[in-house]
Each structure stands twice: as C-alpha cells, then as structure tokens.
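Participant: First the structure, which I've put down as structure tokens, then a few questions once you've had a look.
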Amino acid sequence: MTGTTGTPGTRLTVLGGGGFRVPLVHRALLADANHPDQAGRCTELVLHDTDPERLAAIGAVLAEQSAQHDGPVPEVRTTTDLDEALSGADFVFSAIRVGGLAGRVSDERLPLAEGLLGQETVGAGGVLYGLRTVPVATRIAERVAAVAPHAWVINFTNPAGMVTEAMSRVLGDRVIGICDSPVGLCRRAARAVGADPDRADYDYVGLNHLGWLRRVVVDGTDRLPALLADTGALESFEEGKLFGAAWLRALGALPNEYLHYYYHHREALAAIQEADATRGEFLAQQQDGFYARVSGSASTGAFAAWEATRREREETYMAESRQASGGWERDSCDLDGGGYDRVALALMRAIARNERTRLILNVRNRGAVPGIDGDAVVEIPCVVDAGGARPLATGPVAPDQLGLMLQLKAVERAAIEAASDGSRPAALRALALHPLVDSVHAADRVLRAAGH
C-alpha cells in the first residue's frame, strides 16, 4: 500500500459516512487511483455521520480495504460535525437516511396496515420518507451554500428525485442526483442484444424510479425493436423476467424495474404482504448484526464481514417483485448493474478532469422533456464536463409516460411543500394524489399514524 502523494487532488465528503454502502464508494476511489490522469484524483475522503459507532465500523472496513490495495489511497477522516466535514470540500456525496432503518420500517408498515404498498421510495412509503428527509436535505444544502459554495453535491439520498429538486432550490445546478437503476437496465439490455454496453447509446426518459428505455443504439441502429421481438433474449435479463415479454412488446419500451410496482401492483403488494418481513426489517436485522460484529475501529475481519453482508443484500434486492413474477434468482449479469458508486465516480471524474461523458442523471429539466417545466428534476441522459451536467433533449414523450411523470411530479412537489412549511393539506395531497394510493381517507389515516 502506498500513501497519498503530493499531487494536487480532490477532497470528497460523504454525508451518511457510516452508511453500509460507503465502502463501495471507497472501492471505486481506489480503482480510480491508478488512472493515468492523476488530475482530480481523490486524495482526501471525509466521512460525516451523526452516529460515531457506525463511523468507526465503516472506518475499519475502509482501513482493511486500503491495506489490500497496491497503489495510492486517499486519506480518510471521520467527523460528526457537519460544517467541519463540508469545509474545503470539492465534492459532497449526500447519502443520508433520516430516521435510520427504523424509519424505513415505519414507512413500510404504516401503509401496509391500510392495504397500501409499503416500499422505500414508491407509493405512500416513499412520500413518508420524503416528508421526513426533505427538511434535513434542505438544511444540508444551506450549509453547503454557506461553507462550501464551490462544491458539487452528488445526491444519493432517496427519494432521489424529490430530494434533489428540494436541494436544487438552494444550490441550483450544483446538485445532481444519481441512481444506478437506469444504467443497470441499459447495460443489461445492451448485453441482451450482444453489444458492448460501453459502446451503445441509450434513449431514456423519466423521473427517478419511474423511467423507460426507449432506444438502444449500436453502430447507428436501434436494436430495441429486435430485442422486443425475441422472447428468449428479452426474458434473459432482470427486467424481461419482471415484466414479461408480452407486456414489454405492448409498451414498446423497457421500464425501470421500479415500474413493476405500478404495472403489476396487485401482485407486488400481495407478495410484500405475504413476506415474513419487509425489506426494511430484513436490512435492519442484517445491518444490526454487521455493525455489532464490527464495532470499534480496532476490530479485525471488518472487510470480510461487510463483503458477506453486501452480497446477501444484493442477491435479495426486490425479492418480493421476483416472487410476484414467477420466482427466480438474480444472476451475475443482473447483479452487475453498474453500481451507484461507479456512476458517482464517473460524474465526479467528468467534472474534475473536464472528461466529457454522457450519463443518465437527475437534473433540472431546462426544456429537455416537453410538457415538463424547466425547474422540475427529471432523470434523463446528460452531457457532463467541467461545467456540470447539461440535459439532452428527449423529443416527445408517450402520453402514458408523460401522464405518470406529471402525476408523480405533483406528488413530489406537494411533499416538498409540506416538508418545507409543515402544511398538512399539502402532505395529504402528496399522499392521496399518488397513483398507488386509492383512498383519501386511507391516506389521511396513514399520515395521522406517522404523526403528521
């Protein structure tokens, strides 16, 4: 292992630095350390969290991961002071979970008690999570503006589209939201047509966790029609198995995996209701065990414990939806979606090195998607360089897609309003207007149960 050199580098701050997935970001930084262009390389990684024990546990994982790396590694610092973490940052990765996994379990269980979908980012659960998270995310944006005004904020925090839009009201285009679901879908579709995922172009449009892949262009030819016509190829990867070839052909597009909760709502809800535990309950038990085993910075075997836990987490991702669509296991190609850590690093590298690239990101629309106003955060392909991310025009959007986007945008904005000024009517609108909530009275009871 080699320490950091005197080469000018980048300071990266991770908010939610005690979070379970932070070692993935660190792993991507270690891989980038061997990039021939050392400009913009991360030489200092600052982890911020409100929980010092979780910080210590993740610090132990990172120390072991660094020790296994043959090359330069970033210096790692931890702090529970937000302004200290932000001071001098070039990039800020925001990956917070307000209320922890206990909050997620509540977001899932309260809607399920009313016969509504209980899911982290979709439906009533997603609205409850947003109501709790937006005020904290907004305060973070305000501190970034005050302490690190030149920093770029890369938002991982869910619900990513809603949170990014709330933060953009403070930071403008200096906050960019990311998600690995679109890149995973695109790469799997490219492999299904026998193409190199890195050489294909993708036409994708939507909001976070509500988008559609409309074209897969390889050497100037759209290969999606041929893929839709080939049932074997179409059902060889995750989205094909989730939705089924017949429905994908009827749509003429490949939906983001989260649209399974919309297109197969009855089956998805039944599978979640029949499960022994919600996803949040499973993760809470799993992660409590991990953090208990890796408590204290002097622990050994931290990396092995983390890696085993991570693999189980990925293999069980969206297990209820797979059960609702026939029951099947994720294969290695499905697991290799691209990773939010790699998306974040590609974004940071493009900005820091002026390394022009195209990425699917959550940014203000600015006229790119017809029918959506300019300040609305959408999830579409962007060109990224030192000036940030510029959304690319999508052309007309199918009525069914645009209709869902507009309805969900209204939900997001009502939730932002409610979270910002405590408006109970806005909170009720956010919940009751969601297409997966079928009763105003049920929405009102869920809000009351959640303390709103």
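Each chain of the structure tokens is named A, B, ... in the order shown, its residues numbered from 1; ligands are numbered from 1 in display order.
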Please return as a PyMOL selection string: the residues of stretch 101-282 of chain A that backbone DSSP assigns to strand (DSSP E).
Facilitator: chain A and resi 152-155+175-177+201-207+210-218+221-222+254-255
Participant: Hey, what's within 9 Å of A:Cys186 if we count only C-alpha atoms and toss same-chain stuff fewer than 2 positions away? As a PyMOL selection string, please?
Facilitator: chain A and resi 181-184+188-191+197+200-202+204+213+216+337
Participant: Using only C-alpha atoms, which residue out of A:Ala350, A:Ala137, A:Leu185, A:Leu402 lies closest to A:Val383?
Facilitator: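 Checking each candidate against A:Val383, we get A:Ala350 as the closest.
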Participant: Have a look at A:Ala226, A:Val363, A:Leu269, A:Ala432 and name the one nearest to A:Arg249; count only C-alpha atoms.
Facilitator: A:Ala226
Participant: Name the residues in contact with A:Leu228 at a cut-off of 8 Å, using only C-alpha atoms, excluding same-chain residues fewer than 4 positions from it; report them as a list in words.
Facilitator: Leu224, Leu234, Ala245, Leu248, Arg249 and Gly252 of chain A
Participant: Using only C-alpha atoms, please write the residues we just selected to a file, as a PDB file, in the first residue's frame.
Facilitator:
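The resulting file, out04.pdb, is reproduced below:
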```pdb
ATOM      1  CA  LEU A 224     -34.555  -2.385 -29.208  1.00  0.00           C
ATOM      2  CA  LEU A 234     -35.884 -10.368 -23.764  1.00  0.00           C
ATOM      3  CA  ALA A 245     -42.154 -10.253 -22.972  1.00  0.00           C
ATOM      4  CA  LEU A 248     -42.865  -5.147 -22.898  1.00  0.00           C
ATOM      5  CA  ARG A 249     -43.877  -5.590 -26.528  1.00  0.00           C
ATOM      6  CA  GLY A 252     -42.685  -0.782 -26.926  1.00  0.00           C
TER       7      GLY A 252
END
```
Participant: What's around A:Gln407 at 12 Å? Count only C-alpha atoms, leave out sequence neighbours fewer than 2 positions away in its own chain, and write the answer as a list in words.
Facilitator: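 Those residues are Gly123, Gly206, Leu207, Leu210, Ile372, Asp400, Gln401, Leu402, Gly403, Leu404, Met405, Lys409, Ala410, Val411, Glu412, Arg413, Ala414, Arg429, Ala430, Leu431, Ala432, Leu433, His434, Pro435 and Leu436 of chain A.
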Participant: One decimal, in Å: what's the spacing between atom CA of A:Glu165 and atom CA of A:His441?
Facilitator: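 Interatomic distance, atom CA of A:Glu165 to atom CA of A:His441: 28.2 Å.
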Participant: So that I can see what lies close to A:Ser94, please list as a ChimeraX atom specification the residues with an atom at most 12 Å from it, counting only C-alpha atoms and leaving out residues fewer than 2 positions away in the same chain.
Facilitator: /A:12-19,22,25,46-49,82,85-86,91-92,96-98,133,136-138,140-141,144,152-158,160,163-164,167,175-178,344
Participant: With only C-alpha atoms as the basis for distance, which of A:Pro370, A:Pro381, A:Gly387, A:Gly289 is at the shortest distance from A:Asn354?
Facilitator: A:Gly387
Participant: Can you tell me which residues surround A:Ala427 at a distance of at most 8 Å, considering only C-alpha atoms, apart from same-chain residues fewer than 4 positions away, and format the answer as a tab-separated table (two decimals) with C-alpha atoms, in the first residue's frame?
Facilitator:
```tsv
chain	number	residue	atom	x	y	z
A	131	LEU	CA	-41.60	14.23	4.26
A	414	ALA	CA	-46.69	18.64	-2.66
A	415	ALA	CA	-44.36	16.63	-0.41
A	417	GLU	CA	-44.19	21.99	0.18
A	418	ALA	CA	-45.40	20.01	3.19
A	419	ALA	CA	-41.88	19.25	4.36
A	423	SER	CA	-48.62	22.18	5.56
A	431	LEU	CA	-50.12	11.04	-0.30
A	447	LEU	CA	-50.48	10.49	7.80
A	452	HIS	CA	-48.49	14.36	10.52
```
Participant: Please, which residues of stretch 9-82 of chain A, numbered as in this document, come out alpha helix (DSSP H) from DSSP, as a list in words?
Facilitator: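 Assigned to alpha helix (DSSP H), within stretch 9-82 of chain A: Val22, Pro23, Leu24, Val25, His26, Arg27, Ala28, Leu29, Leu30, Ala31, Asp32, Pro52, Glu53, Arg54, Leu55, Ala56, Ala57, Ile58, Gly59, Ala60, Val61, Leu62, Ala63, Glu64, Gln65, Ser66, Ala67 and Leu82 of chain A.
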Participant: Write out as a VMD selection string each polymer residue whose atoms come within 8 Å of A:Phe303, counting only C-alpha atoms; drop sequence neighbours fewer than 3 positions from it.
Facilitator: chain A and resid 60 to 62 64 to 65 306 to 307
Participant: Atom CA of A:Pro74 and atom CA of A:Thr10, how far apart in Å?
Facilitator: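 Calculated distance between atom CA of A:Thr10 and atom CA of A:Pro74 is 9.4 Å.
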Participant: Please, what distance in Å, to one decimal, runs between atom CA of A:Ala63 and atom CA of A:Ala33?
Facilitator: 15.8 Å
